[in-house]
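Undergrad: Data: entry-v1.tsv, TSV, C-alpha atoms.
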chain	number	residue	atom	x	y	z
P	1456	MET	CA	-14.52	-56.74	-23.31
P	1457	VAL	CA	-12.55	-58.48	-20.61
P	1458	LEU	CA	-10.01	-56.92	-18.33
P	1459	MET	CA	-6.94	-59.12	-18.42
P	1460	GLY	CA	-5.72	-60.32	-15.08
P	1461	LEU	CA	-2.18	-61.17	-14.22
P	1462	PRO	CA	-0.83	-64.47	-15.43
P	1463	ASP	CA	-1.13	-66.94	-12.62
P	1464	ALA	CA	2.41	-66.70	-11.45
P	1465	GLN	CA	3.35	-63.66	-9.46
P	1466	GLY	CA	1.53	-62.02	-6.62
P	1467	ALA	CA	1.82	-58.54	-8.04
P	1468	THR	CA	-1.03	-56.09	-8.21
P	1469	LEU	CA	-2.66	-54.82	-11.36
P	1470	LYS	CA	-1.30	-51.40	-12.24
P	1471	ARG	CA	-1.97	-51.10	-15.94
P	1472	ALA	CA	-5.11	-52.25	-17.69
P	1473	LEU	CA	-5.41	-54.35	-20.81
P	1474	TRP	CA	-8.88	-54.89	-22.22
P	1475	VAL	CA	-9.37	-57.60	-24.79
P	1476	PRO	CA	-12.30	-59.29	-26.51
P	1477	LYS	CA	-13.56	-62.43	-24.81
P	1478	GLU	CA	-12.13	-64.69	-27.51
P	1479	VAL	CA	-8.68	-63.22	-26.98
P	1480	ASP	CA	-8.94	-63.68	-23.23
P	1481	ASP	CA	-9.88	-67.31	-23.84
P	1482	ALA	CA	-6.77	-67.72	-25.94
P	1483	PHE	CA	-4.53	-66.03	-23.40
P	1484	THR	CA	-5.82	-68.06	-20.53
P	1485	GLY	CA	-5.78	-71.35	-22.37
P	1486	GLN	CA	-9.56	-71.67	-22.54
P	1487	ALA	CA	-9.43	-71.75	-26.30
P	1488	GLY	CA	-6.99	-74.61	-26.32
P	1489	PHE	CA	-4.11	-72.75	-27.94
P	1490	ILE	CA	-1.10	-74.28	-26.33
P	1491	ASP	CA	1.14	-71.47	-27.63
P	1492	PHE	CA	0.01	-69.13	-24.92
P	1493	ALA	CA	1.49	-71.26	-22.25
P	1494	ASP	CA	4.84	-69.95	-23.42
P	1495	PRO	CA	6.58	-68.10	-20.59
P	1496	ARG	CA	7.94	-65.39	-22.87
P	1497	PHE	CA	4.44	-64.58	-24.02
P	1498	ALA	CA	3.16	-64.43	-20.46
P	1499	GLY	CA	6.19	-62.40	-19.46
P	1500	LEU	CA	5.14	-59.39	-21.50
P	1501	LEU	CA	1.60	-59.59	-20.14
P	1502	GLN	CA	2.98	-59.74	-16.63
P	1503	ARG	CA	5.35	-56.83	-17.14
P	1504	TYR	CA	2.71	-54.57	-18.64
P	1505	ILE	CA	-0.11	-55.38	-16.24
P	1506	ALA	CA	2.02	-55.47	-13.10
P	1507	GLY	CA	3.52	-52.09	-13.95
P	1508	THR	CA	7.13	-53.14	-14.41
P	1509	TYR	CA	9.30	-52.19	-17.38
P	1510	VAL	CA	8.02	-52.27	-20.93
P	1511	SER	CA	9.33	-50.51	-24.01
P	1512	GLY	CA	7.39	-48.65	-26.63
P	1513	THR	CA	7.93	-46.31	-29.51
P	1514	LEU	CA	6.02	-43.69	-31.41
P	1515	HIS	CA	8.44	-44.04	-34.28
P	1516	GLY	CA	7.03	-47.10	-35.92
P	1517	ASP	CA	10.04	-48.98	-37.19
P	1518	PRO	CA	10.59	-52.01	-35.00
P	1519	LYS	CA	13.51	-53.39	-36.97
P	1520	LYS	CA	16.34	-52.32	-34.71
P	1521	TYR	CA	15.13	-52.38	-31.15
P	1522	ARG	CA	11.94	-54.48	-31.26
P	1523	PRO	CA	9.91	-52.60	-28.63
P	1524	ASP	CA	6.98	-54.14	-26.79
P	1525	PHE	CA	4.58	-51.47	-28.06
P	1526	GLU	CA	4.74	-49.57	-31.29
P	1527	ARG	CA	2.49	-46.90	-32.69
P	1528	LEU	CA	1.84	-47.53	-36.34
P	1529	LEU	CA	3.00	-44.83	-38.70
P	1530	ASN	CA	0.46	-42.84	-40.69
P	1531	ILE	CA	-2.55	-44.35	-38.92
P	1532	ASP	CA	-4.41	-42.39	-36.31
P	1533	GLU	CA	-3.24	-43.62	-32.89
P	1534	VAL	CA	-3.30	-47.31	-33.64
P	1535	TRP	CA	-0.89	-49.26	-31.47
P	1536	VAL	CA	0.39	-52.78	-31.58
P	1537	MET	CA	1.44	-54.78	-28.54
P	1538	CYS	CA	4.13	-57.06	-29.87
P	1539	PHE	CA	4.62	-60.55	-28.51
P	1540	ARG	CA	7.92	-61.25	-30.24
P	1541	SER	CA	8.78	-64.45	-28.45
P	1542	PRO	CA	8.83	-67.27	-29.20
P	1543	LYS	CA	10.12	-66.19	-32.56
P	1544	ILE	CA	8.39	-68.91	-34.53
P	1545	ASN	CA	4.99	-67.97	-33.18
P	1546	GLN	CA	4.70	-64.23	-32.80
P	1547	TRP	CA	1.43	-62.44	-32.09
P	1548	ARG	CA	0.28	-58.86	-32.24
P	1549	LEU	CA	-2.51	-57.16	-30.31
P	1550	MET	CA	-3.84	-54.13	-32.14
P	1551	GLY	CA	-5.52	-51.44	-30.12
P	1552	ARG	CA	-5.64	-47.94	-28.74
P	1553	PHE	CA	-4.91	-46.26	-25.46
P	1554	THR	CA	-8.10	-44.69	-24.17
P	1555	GLN	CA	-6.15	-43.19	-21.32
P	1556	LYS	CA	-2.73	-43.62	-19.79
P	1557	ASP	CA	-2.14	-47.27	-18.89
P	1558	GLU	CA	-5.42	-48.37	-20.40
P	1559	PHE	CA	-4.99	-50.30	-23.63
P	1560	ILE	CA	-8.09	-51.46	-25.46
P	1561	SER	CA	-7.40	-54.14	-28.01
P	1562	LEU	CA	-9.85	-55.27	-30.63
P	1563	GLY	CA	-7.63	-57.37	-32.85
P	1564	PHE	CA	-5.24	-60.23	-32.33
P	1565	TYR	CA	-3.11	-61.42	-35.22
P	1566	GLN	CA	-0.30	-63.78	-35.97
P	1567	ARG	CA	2.84	-61.95	-37.10
P	1568	GLY	CA	3.04	-63.94	-40.28
P	1569	TYR	CA	-0.45	-62.84	-41.26
P	1570	LEU	CA	0.57	-59.20	-40.87
P	1571	ASP	CA	3.77	-59.57	-42.84
P	1572	GLY	CA	4.58	-56.43	-44.76
P	1573	GLU	CA	3.65	-52.82	-44.20
P	1574	LYS	CA	0.87	-52.88	-46.77
P	1575	LYS	CA	-0.90	-55.74	-45.03
P	1576	TYR	CA	-0.38	-54.06	-41.67
P	1577	HIS	CA	-2.16	-50.95	-42.86
P	1578	SER	CA	-4.97	-52.89	-44.44
P	1579	VAL	CA	-5.60	-54.71	-41.16
P	1580	ALA	CA	-5.36	-51.42	-39.30
P	1581	GLN	CA	-8.11	-50.01	-41.49
P	1582	THR	CA	-10.29	-52.98	-40.54
P	1583	PHE	CA	-9.42	-52.29	-36.94
P	1584	LEU	CA	-10.52	-48.66	-37.29
P	1585	THR	CA	-13.86	-49.76	-38.69
P	1586	ARG	CA	-14.33	-52.18	-35.82
P	1587	TRP	CA	-13.34	-49.52	-33.32
P	1588	GLN	CA	-15.93	-47.18	-34.75
P	1589	SER	CA	-18.63	-49.80	-34.58
P	1590	LEU	CA	-17.82	-51.11	-31.07
P	1591	CYS	CA	-16.44	-48.09	-29.32
P	1592	GLY	CA	-18.22	-45.39	-31.26
P	1593	GLY	CA	-17.10	-42.01	-30.20
P	1594	ALA	CA	-14.91	-43.19	-27.35
P	1595	SER	CA	-12.01	-40.84	-27.06
P	1596	PHE	CA	-8.46	-42.10	-27.23
P	1597	LEU	CA	-5.14	-40.80	-26.12
P	1598	ARG	CA	-2.89	-38.61	-28.21
P	1599	GLY	CA	0.59	-38.13	-26.89
P	1600	SER	CA	4.01	-36.99	-27.95
P	1601	LYS	CA	6.15	-39.43	-26.01
P	1602	ILE	CA	5.80	-42.96	-24.73
P	1603	GLN	CA	5.46	-41.76	-21.13
P	1604	ASP	CA	2.19	-40.08	-22.17
P	1605	TYR	CA	0.75	-43.53	-22.82
P	1606	ILE	CA	2.41	-45.82	-20.31
P	1607	SER	CA	3.56	-44.92	-16.83
P	1608	MET	CA	7.14	-45.39	-15.70
P	1609	PRO	CA	9.11	-47.53	-15.91
P	1610	VAL	CA	8.91	-47.31	-19.66
P	1611	SER	CA	11.29	-46.13	-22.34
P	1612	ASP	CA	11.38	-45.54	-26.04
P	1613	PRO	CA	14.48	-47.23	-27.42
P	1614	TYR	CA	14.65	-44.58	-30.13
P	1615	VAL	CA	14.81	-41.81	-27.51
P	1616	PRO	CA	17.81	-41.79	-25.16
P	1617	ILE	CA	16.84	-42.23	-21.52
P	1618	ILE	CA	19.48	-39.75	-20.55
Y	1134	MET	CA	2.95	-71.07	-12.69
Y	1135	PHE	CA	3.92	-73.10	-15.69
Y	1136	GLN	CA	4.08	-76.84	-15.71
Y	1137	SER	CA	7.69	-77.14	-16.70
Y	1138	SER	CA	10.52	-75.88	-14.58
Y	1139	GLU	CA	12.22	-74.52	-17.69
Y	1140	ALA	CA	9.20	-72.35	-18.45
Y	1141	ASN	CA	9.16	-71.08	-14.90
Y	1142	ARG	CA	12.83	-70.18	-15.14
Y	1143	ILE	CA	12.40	-68.32	-18.44
Y	1144	PHE	CA	9.40	-66.42	-17.14
Y	1145	ALA	CA	11.02	-65.44	-13.85
Y	1146	ALA	CA	14.24	-64.35	-15.54
Y	1147	GLN	CA	12.41	-62.16	-18.04
Y	1148	VAL	CA	10.36	-60.47	-15.34
Y	1149	LEU	CA	13.38	-60.01	-13.08
Y	1150	GLU	CA	15.58	-58.54	-15.80
Y	1151	ALA	CA	12.83	-56.09	-16.64
Y	1152	SER	CA	12.34	-55.26	-12.96
Y	1153	PHE	CA	15.99	-54.37	-12.46
Y	1154	PHE	CA	16.07	-52.36	-15.66
Y	1155	GLY	CA	12.83	-50.58	-14.83
Y	1156	ALA	CA	14.02	-49.59	-11.37
Y	1157	PHE	CA	17.28	-48.19	-12.74
Y	1158	ILE	CA	15.76	-46.18	-15.58
Y	1159	THR	CA	13.25	-44.73	-13.16
Y	1160	ALA	CA	16.10	-43.67	-10.89
Y	1161	ILE	CA	18.10	-42.31	-13.83
Y	1162	ASP	CA	15.09	-40.32	-14.97
Y	1163	ALA	CA	14.75	-38.85	-11.48
Y	1164	ARG	CA	18.44	-37.96	-11.27
Y	1165	LYS	CA	18.29	-36.41	-14.73
Y	1166	ASN	CA	15.45	-34.16	-13.62
Y	1167	GLU	CA	16.80	-33.45	-10.15
Y	1168	THR	CA	20.51	-33.03	-10.76
Y	1169	LYS	CA	20.76	-32.58	-14.54
Y	1170	LEU	CA	22.75	-35.79	-14.77
Y	1171	THR	CA	23.96	-36.46	-18.30
Y	1172	GLN	CA	24.77	-39.68	-20.07
Y	1173	ALA	CA	28.41	-38.67	-20.31
Y	1174	GLU	CA	28.60	-38.12	-16.55
Y	1175	LEU	CA	26.90	-41.42	-15.86
Y	1176	ALA	CA	29.28	-43.19	-18.23
Y	1177	GLU	CA	32.26	-41.62	-16.53
Y	1178	ARG	CA	31.03	-42.50	-13.05
Y	1179	THR	CA	30.52	-46.13	-14.04
Y	1180	GLY	CA	33.83	-46.35	-15.85
Y	1181	ARG	CA	32.26	-46.94	-19.23
Y	1182	GLU	CA	32.40	-45.39	-22.66
Y	1183	LYS	CA	29.39	-43.29	-23.63
Y	1184	THR	CA	28.48	-45.73	-26.39
Y	1185	GLY	CA	28.64	-48.57	-23.90
Y	1186	MET	CA	26.25	-46.68	-21.66
Y	1187	SER	CA	23.83	-46.24	-24.56
Y	1188	LYS	CA	23.82	-49.97	-25.21
Y	1189	LEU	CA	23.41	-50.70	-21.53
Y	1190	LEU	CA	20.33	-48.54	-21.36
Y	1191	ALA	CA	18.80	-49.74	-24.61
Y	1192	GLY	CA	16.74	-52.39	-22.89
Y	1193	PRO	CA	16.70	-55.15	-20.27
Y	1194	ARG	CA	19.61	-57.55	-20.38
Y	1195	ASN	CA	21.07	-60.19	-18.16
Y	1196	TRP	CA	23.10	-57.67	-16.19
Y	1197	LYS	CA	26.03	-58.69	-14.05
Y	1198	ILE	CA	25.87	-57.84	-10.37
Y	1199	SER	CA	28.85	-55.56	-10.91
Y	1200	THR	CA	26.90	-53.64	-13.55
Y	1201	MET	CA	24.08	-53.01	-11.12
Y	1202	SER	CA	26.50	-52.13	-8.38
Y	1203	ASP	CA	28.33	-49.66	-10.64
Y	1204	LEU	CA	25.09	-47.99	-11.62
Y	1205	ALA	CA	23.88	-47.84	-8.04
Y	1206	VAL	CA	27.09	-46.21	-6.89
Y	1207	ALA	CA	27.03	-43.77	-9.78
Y	1208	LEU	CA	23.48	-42.77	-8.98
Y	1209	ASP	CA	23.95	-42.54	-5.20
Y	1210	LEU	CA	21.66	-45.49	-4.62
Y	1211	THR	CA	21.82	-48.40	-2.24
Y	1212	LEU	CA	20.75	-51.74	-3.63
Y	1213	GLU	CA	18.43	-53.58	-1.26
Y	1214	PHE	CA	17.89	-57.24	-1.65
Y	1215	ALA	CA	15.32	-59.66	-0.27
Y	1216	LEU	CA	14.05	-63.10	-1.19
Y	1217	ARG	CA	10.35	-63.55	-0.49
Y	1218	ASP	CA	9.58	-67.11	0.55
Y	1219	ARG	CA	6.74	-68.37	-1.63
Y	1220	LEU	CA	6.26	-71.34	0.64
Y	1221	ASN	CA	5.84	-68.97	3.57
Y	1222	PRO	CA	4.97	-65.51	2.22
Y	1223	MET	CA	5.26	-63.92	5.64
Y	1224	ARG	CA	8.96	-64.64	5.59
Y	1225	LYS	CA	11.78	-63.15	3.59
Y	1226	PHE	CA	15.49	-63.77	3.48
Y	1227	THR	CA	17.71	-60.73	3.50
Y	1228	ALA	CA	21.38	-59.94	3.58
Y	1229	THR	CA	21.27	-59.90	7.35
Y	1230	GLY	CA	19.07	-62.90	8.00
Y	1231	ILE	CA	15.38	-63.70	8.12
Y	1232	GLU	CA	12.61	-61.14	8.48
Y	1233	TYR	CA	8.97	-61.85	9.19
Y	1234	ASP	CA	5.92	-59.78	8.43
Y	1235	ALA	CA	2.91	-59.60	10.72
Y	1236	PRO	CA	0.61	-61.00	12.05
Y	1237	VAL	CA	1.91	-59.50	15.22
Y	1238	SER	CA	1.28	-61.38	18.37
Y	1239	GLN	CA	-1.17	-59.86	20.81
Y	1240	SER	CA	1.50	-60.03	23.43
Y	1241	LEU	CA	3.96	-57.95	21.51
Y	1242	VAL	CA	4.32	-54.27	22.01
Y	1243	TRP	CA	6.08	-52.58	19.18
Y	1244	ASP	CA	7.51	-49.24	20.04
Y	1245	THR	CA	8.74	-48.79	16.55
Y	1246	GLY	CA	8.65	-50.89	13.51
Y	1247	VAL	CA	6.89	-51.86	10.36
Y	1248	ILE	CA	3.78	-53.99	10.36
Y	1249	THR	CA	2.54	-55.36	7.09
Y	1250	ALA	CA	-0.53	-57.38	6.28
Y	1251	GLY	CA	-1.60	-58.11	9.80
Y	1252	THR	CA	-3.67	-56.97	12.71
Y	1253	VAL	CA	-2.37	-55.47	15.86
Y	1254	ASP	CA	-4.46	-54.52	18.84
Y	1255	THR	CA	-2.12	-54.21	21.74
Y	1256	SER	CA	-2.82	-51.53	24.23
Y	1257	GLY	CA	-0.23	-48.82	24.22
Y	1258	SER	CA	1.58	-49.87	21.09
Y	1259	ASN	CA	3.45	-47.17	19.28
Y	1260	LEU	CA	3.57	-48.18	15.67
Y	1261	GLY	CA	5.86	-46.82	13.04
Y	1262	LEU	CA	4.40	-47.97	9.77
Y	1263	LEU	CA	1.39	-50.05	8.89
Y	1264	ILE	CA	0.97	-51.45	5.40
Y	1265	ASN	CA	-2.15	-53.43	4.59
Y	1266	ALA	CA	-2.61	-53.70	8.32
Y	1267	ASN	CA	-5.41	-53.05	10.72
Y	1268	ALA	CA	-4.83	-51.44	14.06
Y	1269	GLY	CA	-7.38	-52.08	16.74
Y	1270	ALA	CA	-9.09	-49.59	19.02
Y	1271	ASN	CA	-6.65	-50.19	21.82
Y	1272	THR	CA	-3.68	-49.25	19.77
Y	1273	THR	CA	-2.10	-45.87	19.85
Y	1274	VAL	CA	-0.01	-44.63	17.02
Y	1275	ASN	CA	2.05	-41.72	18.15
Y	1276	THR	CA	3.73	-41.22	14.89
Y	1277	GLY	CA	3.82	-43.09	11.69
Y	1278	TYR	CA	2.26	-43.99	8.42
Y	1279	LEU	CA	-0.76	-46.05	7.60
Y	1280	MET	CA	-0.98	-47.45	4.11
Y	1281	THR	CA	-4.04	-49.36	2.99
Y	1282	GLY	CA	-5.52	-50.40	6.26
Y	1283	THR	CA	-7.53	-49.15	9.13
Y	1284	GLY	CA	-5.81	-47.07	11.69
Y	1285	PRO	CA	-6.35	-46.44	15.35
Y	1286	VAL	CA	-7.09	-43.34	17.33
Y	1287	GLY	CA	-4.03	-41.38	18.19
Y	1288	ALA	CA	-1.60	-38.95	16.79
Y	1289	MET	CA	-0.98	-40.42	13.40
Y	1290	THR	CA	0.89	-38.17	11.08
Y	1291	ASN	CA	0.31	-39.68	7.70
Y	1292	VAL	CA	-2.50	-41.79	6.30
Y	1293	ILE	CA	-2.13	-43.19	2.82
Y	1294	THR	CA	-5.12	-45.02	1.37
Y	1295	GLY	CA	-6.46	-45.94	4.76
Y	1296	SER	CA	-9.00	-44.85	7.30
Y	1297	TYR	CA	-8.51	-44.18	10.95
Y	1298	GLY	CA	-10.28	-43.56	14.18
Y	1299	GLN	CA	-11.42	-40.01	14.64
Y	1300	THR	CA	-11.88	-39.59	18.33
Y	1301	ASN	CA	-8.66	-37.74	18.78
Y	1302	VAL	CA	-9.81	-34.52	17.23
Y	1303	ALA	CA	-6.96	-32.50	18.60
Y	1304	THR	CA	-4.43	-34.31	16.50
Y	1305	GLN	CA	-6.39	-34.58	13.31
Y	1306	GLN	CA	-5.22	-31.27	12.05
Y	1307	ARG	CA	-1.69	-32.62	11.95
Y	1308	TRP	CA	-2.60	-35.62	9.88
Y	1309	GLN	CA	-2.15	-35.85	6.20
Y	1310	ALA	CA	-4.40	-38.13	4.27
Y	1311	ILE	CA	-3.40	-39.24	0.82
Y	1312	GLY	CA	-6.33	-41.05	-0.68
Y	1313	GLY	CA	-7.42	-41.97	2.83
Y	1314	ALA	CA	-10.79	-41.67	4.43
Y	1315	GLY	CA	-11.83	-39.46	7.28
Y	1316	ASN	CA	-9.57	-36.52	6.83
Y	1317	ALA	CA	-10.34	-33.14	5.41
Y	1318	VAL	CA	-6.97	-32.61	3.82
Y	1319	ALA	CA	-7.08	-32.91	0.07
Y	1320	ALA	CA	-4.14	-34.74	-1.37
Y	1321	PRO	CA	-2.97	-36.43	-4.54
Y	1322	SER	CA	-4.78	-39.57	-5.45
Y	1323	ARG	CA	-3.17	-42.94	-5.00
Y	1324	PRO	CA	-1.91	-45.00	-7.94
Y	1325	ARG	CA	-4.78	-45.50	-10.30
Y	1326	ILE	CA	-6.84	-48.66	-10.21
Y	1327	PRO	CA	-8.35	-49.04	-13.66
Y	1328	SER	CA	-12.02	-48.36	-13.92
Y	1329	ALA	CA	-14.30	-50.92	-15.46
Y	1330	LEU	CA	-14.96	-49.55	-18.90
Y	1331	GLU	CA	-18.07	-50.86	-20.47
Y	1332	PHE	CA	-17.91	-51.73	-24.08
Y	1333	ALA	CA	-20.17	-53.71	-26.25
Y	1334	SER	CA	-18.42	-56.95	-27.05
Let me see whether you can do it: turn the structure in this file into structure tokens.

TA:
Amino acid sequence: MVLMGLPDAQGATLKRALWVPKEVDDAFTGQAGFIDFADPRFAGLLQRYIAGTYVSGTLHGDPKKYRPDFERLLNIDEVWVMCFRSPKINQWRLMGRFTQKDEFISLGFYQRGYLDGEKKYHSVAQTFLTRWQSLCGGASFLRGSKIQDYISMPVSDPYVPII
Amino acid sequence: MFQSSEANRIFAAQVLEASFFGAFITAIDARKNETKLTQAELAERTGREKTGMSKLLAGPRNWKISTMSDLAVALDLTLEFALRDRLNPMRKFTATGIEYDAPVSQSLVWDTGVITAGTVDTSGSNLGLLINANAGANTTVNTGYLMTGTGPVGAMTNVITGSYGQTNVATQQRWQAIGGAGNAVAAPSRPRIPSALEFAS
């Protein structure tokens, strides 16, 4: 696993951790030759999460209305997806779990089109769970009741009024 | 940075919008807990409908300056503004002119002030606040804060993630160390730096 650093743009410090497999890190950092990841909107979410500025997330699954940055999948045990929704024609999803607050461990990286449909999502999540069991064994993961249990402020759940 | 100026603009705008939004929802959350502020009250204070307030707080947007000003006034906040010079990171442009960070010249004696990211070792200096700074053995801090640096001997009152000289035993009992070294006072830990988890890849 590789701890993601900040995109090479802002001098902020690392406040939240994102662990990804080496091949994903290569993709993010351009080592794998995927030009898509040079997109500023993609890097923007990485920057916001890692630097500790605002991100959104929901425990309520449905991303249709508000399109949060993180969503916990429904009916699957604490599997989260970090959603890179821009650019729209090339969306990516990082599937993972929070092992503790502000520490997201991702084991899967998928194109949105590949995950199209709830059924497919759940099938991929089952594969993820198998991989988690084999790589992370009995590593504990976070169980929370609100988004602030998983990600430190500033964060909000668009389905839960801030005030 | 990205190769194209358009990409740089998109990236910076996204991060900045989120930064403004994040700062305001953090403040709103604090006010909600401290003063039981409600959405209806906030809407009224900003001259908006309650539904408009809900939309405003649904997520980062390209807010107008007047929107931020309205929210700041409603929340009893003062907006501070500074432009950090990337070509000269020690310099920033503010509403009242140019401000420089340390390094502080050896010849300067600061009776009060803020020193960031520098070293000061001027005999008799009375320093207000050191951030990422190192104070030499000749420096005396009669009051102030040290954040992430090494401090001098003297009557420092607060040490946050730093260490300091310990020869002045008489004053140590008045110090508070938050995540700092060399002080017996237990205190909350500083913001977490992620540990290196080891996983099989």

Undergrad: Could you give me, as JSON lines, a per-residue list for chain P showing, wherever an atom lies at most 9 Å from an atom of chain Y, the closest pair of atoms and their distance in Å to one decimal, using only C-alpha atoms and sorting by chain then residue number from low to high?

TA:
{"residue": "P:Met1456", "atom": "CA", "partner": "Y:Ser1334", "partner_atom": "CA", "distance": 5.4}
{"residue": "P:Val1457", "atom": "CA", "partner": "Y:Ser1334", "partner_atom": "CA", "distance": 8.8}
{"residue": "P:Leu1458", "atom": "CA", "partner": "Y:Ala1329", "partner_atom": "CA", "distance": 7.9}
{"residue": "P:Pro1462", "atom": "CA", "partner": "Y:Met1134", "partner_atom": "CA", "distance": 8.1}
{"residue": "P:Asp1463", "atom": "CA", "partner": "Y:Met1134", "partner_atom": "CA", "distance": 5.8}
{"residue": "P:Ala1464", "atom": "CA", "partner": "Y:Met1134", "partner_atom": "CA", "distance": 4.6}
{"residue": "P:Gln1465", "atom": "CA", "partner": "Y:Met1134", "partner_atom": "CA", "distance": 8.1}
{"residue": "P:Leu1469", "atom": "CA", "partner": "Y:Ile1326", "partner_atom": "CA", "distance": 7.5}
{"residue": "P:Lys1470", "atom": "CA", "partner": "Y:Ile1326", "partner_atom": "CA", "distance": 6.5}
{"residue": "P:Arg1471", "atom": "CA", "partner": "Y:Pro1327", "partner_atom": "CA", "distance": 7.1}
{"residue": "P:Ala1472", "atom": "CA", "partner": "Y:Pro1327", "partner_atom": "CA", "distance": 6.1}
{"residue": "P:Trp1474", "atom": "CA", "partner": "Y:Leu1330", "partner_atom": "CA", "distance": 8.7}
{"residue": "P:Pro1476", "atom": "CA", "partner": "Y:Ser1334", "partner_atom": "CA", "distance": 6.6}
{"residue": "P:Lys1477", "atom": "CA", "partner": "Y:Ser1334", "partner_atom": "CA", "distance": 7.7}
{"residue": "P:Ala1493", "atom": "CA", "partner": "Y:Phe1135", "partner_atom": "CA", "distance": 7.2}
{"residue": "P:Asp1494", "atom": "CA", "partner": "Y:Ala1140", "partner_atom": "CA", "distance": 7.0}
{"residue": "P:Pro1495", "atom": "CA", "partner": "Y:Phe1144", "partner_atom": "CA", "distance": 4.8}
{"residue": "P:Arg1496", "atom": "CA", "partner": "Y:Phe1144", "partner_atom": "CA", "distance": 6.0}
{"residue": "P:Phe1497", "atom": "CA", "partner": "Y:Phe1144", "partner_atom": "CA", "distance": 8.7}
{"residue": "P:Ala1498", "atom": "CA", "partner": "Y:Phe1144", "partner_atom": "CA", "distance": 7.3}
{"residue": "P:Gly1499", "atom": "CA", "partner": "Y:Phe1144", "partner_atom": "CA", "distance": 5.6}
{"residue": "P:Leu1500", "atom": "CA", "partner": "Y:Val1148", "partner_atom": "CA", "distance": 8.1}
{"residue": "P:Gln1502", "atom": "CA", "partner": "Y:Val1148", "partner_atom": "CA", "distance": 7.5}
{"residue": "P:Arg1503", "atom": "CA", "partner": "Y:Val1148", "partner_atom": "CA", "distance": 6.4}
{"residue": "P:Thr1508", "atom": "CA", "partner": "Y:Ser1152", "partner_atom": "CA", "distance": 5.8}
{"residue": "P:Tyr1509", "atom": "CA", "partner": "Y:Gly1155", "partner_atom": "CA", "distance": 4.6}
{"residue": "P:Val1510", "atom": "CA", "partner": "Y:Ala1151", "partner_atom": "CA", "distance": 7.5}
{"residue": "P:Ser1511", "atom": "CA", "partner": "Y:Gly1192", "partner_atom": "CA", "distance": 7.7}
{"residue": "P:Tyr1521", "atom": "CA", "partner": "Y:Ala1191", "partner_atom": "CA", "distance": 8.0}
{"residue": "P:Pro1523", "atom": "CA", "partner": "Y:Gly1192", "partner_atom": "CA", "distance": 8.9}
{"residue": "P:Asp1557", "atom": "CA", "partner": "Y:Pro1327", "partner_atom": "CA", "distance": 8.3}
{"residue": "P:Glu1558", "atom": "CA", "partner": "Y:Pro1327", "partner_atom": "CA", "distance": 7.4}
{"residue": "P:Leu1590", "atom": "CA", "partner": "Y:Ala1333", "partner_atom": "CA", "distance": 6.0}
{"residue": "P:Cys1591", "atom": "CA", "partner": "Y:Phe1332", "partner_atom": "CA", "distance": 6.5}
{"residue": "P:Met1608", "atom": "CA", "partner": "Y:Thr1159", "partner_atom": "CA", "distance": 6.6}
{"residue": "P:Pro1609", "atom": "CA", "partner": "Y:Gly1155", "partner_atom": "CA", "distance": 4.9}
{"residue": "P:Val1610", "atom": "CA", "partner": "Y:Gly1155", "partner_atom": "CA", "distance": 7.0}
{"residue": "P:Ser1611", "atom": "CA", "partner": "Y:Ile1158", "partner_atom": "CA", "distance": 8.1}
{"residue": "P:Asp1612", "atom": "CA", "partner": "Y:Ala1191", "partner_atom": "CA", "distance": 8.6}
{"residue": "P:Pro1613", "atom": "CA", "partner": "Y:Ala1191", "partner_atom": "CA", "distance": 5.7}
{"residue": "P:Tyr1614", "atom": "CA", "partner": "Y:Ala1191", "partner_atom": "CA", "distance": 8.6}
{"residue": "P:Pro1616", "atom": "CA", "partner": "Y:Ser1187", "partner_atom": "CA", "distance": 7.5}
{"residue": "P:Ile1617", "atom": "CA", "partner": "Y:Asp1162", "partner_atom": "CA", "distance": 7.0}
{"residue": "P:Ile1618", "atom": "CA", "partner": "Y:Gln1172", "partner_atom": "CA", "distance": 5.3}

Undergrad: With all atoms listed in the file as the basis for distance, which of P:Cys1538, P:Ala1594, P:Val1615, P:Ile1531 is at the shortest distance from Thr1582 in chain P?

TA: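 So, comparing all the options, the nearest one is P:Ile1531.
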
Undergrad: Quick one, how far is CA of Gly1512 in chain P from CA of Ile1602 in chain P?

TA: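 Atom-to-atom, CA of Gly1512 in chain P to CA of Ile1602 in chain P, that is 6.2 Å.
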
Undergrad: Given the point (4.2, -62.4, -28.9) in the coordinates of this file, which residues lie within 9 Å, counting all atoms listed in the file, and how would they look as a compact mmCIF listing (two decimals) with C-alpha atoms, in the coordinates of the input?

TA:
# COMPACT_ATOMS: atom_id res chain seq x y z
CA PHE P 1492 0.01 -69.13 -24.92
CA ARG P 1496 7.94 -65.39 -22.87
CA PHE P 1497 4.44 -64.58 -24.02
CA ALA P 1498 3.16 -64.43 -20.46
CA LEU P 1500 5.14 -59.39 -21.50
CA ASP P 1524 6.98 -54.14 -26.79
CA MET P 1537 1.44 -54.78 -28.54
CA CYS P 1538 4.13 -57.06 -29.87
CA PHE P 1539 4.62 -60.55 -28.51
CA ARG P 1540 7.92 -61.25 -30.24
CA SER P 1541 8.78 -64.45 -28.45
CA PRO P 1542 8.83 -67.27 -29.20
CA LYS P 1543 10.12 -66.19 -32.56
CA ASN P 1545 4.99 -67.97 -33.18
CA GLN P 1546 4.70 -64.23 -32.80
CA TRP P 1547 1.43 -62.44 -32.09
CA ARG P 1548 0.28 -58.86 -32.24
CA LEU P 1549 -2.51 -57.16 -30.31
CA GLN P 1566 -0.30 -63.78 -35.97
CA ARG P 1567 2.84 -61.95 -37.10

Undergrad: Write out as a list in words which residues come within 10 Å of Val1475 in chain P when counting all atoms listed in the file, dropping same-chain ones fewer than 5 positions away.

TA: Met1456, Val1457, Leu1458, Met1459, Asp1480, Asp1481, Phe1483, Leu1549, Met1550, Gly1551, Phe1559, Ile1560, Ser1561, Leu1562, Gly1563 and Phe1564 of chain P; Ser1334 of chain Y
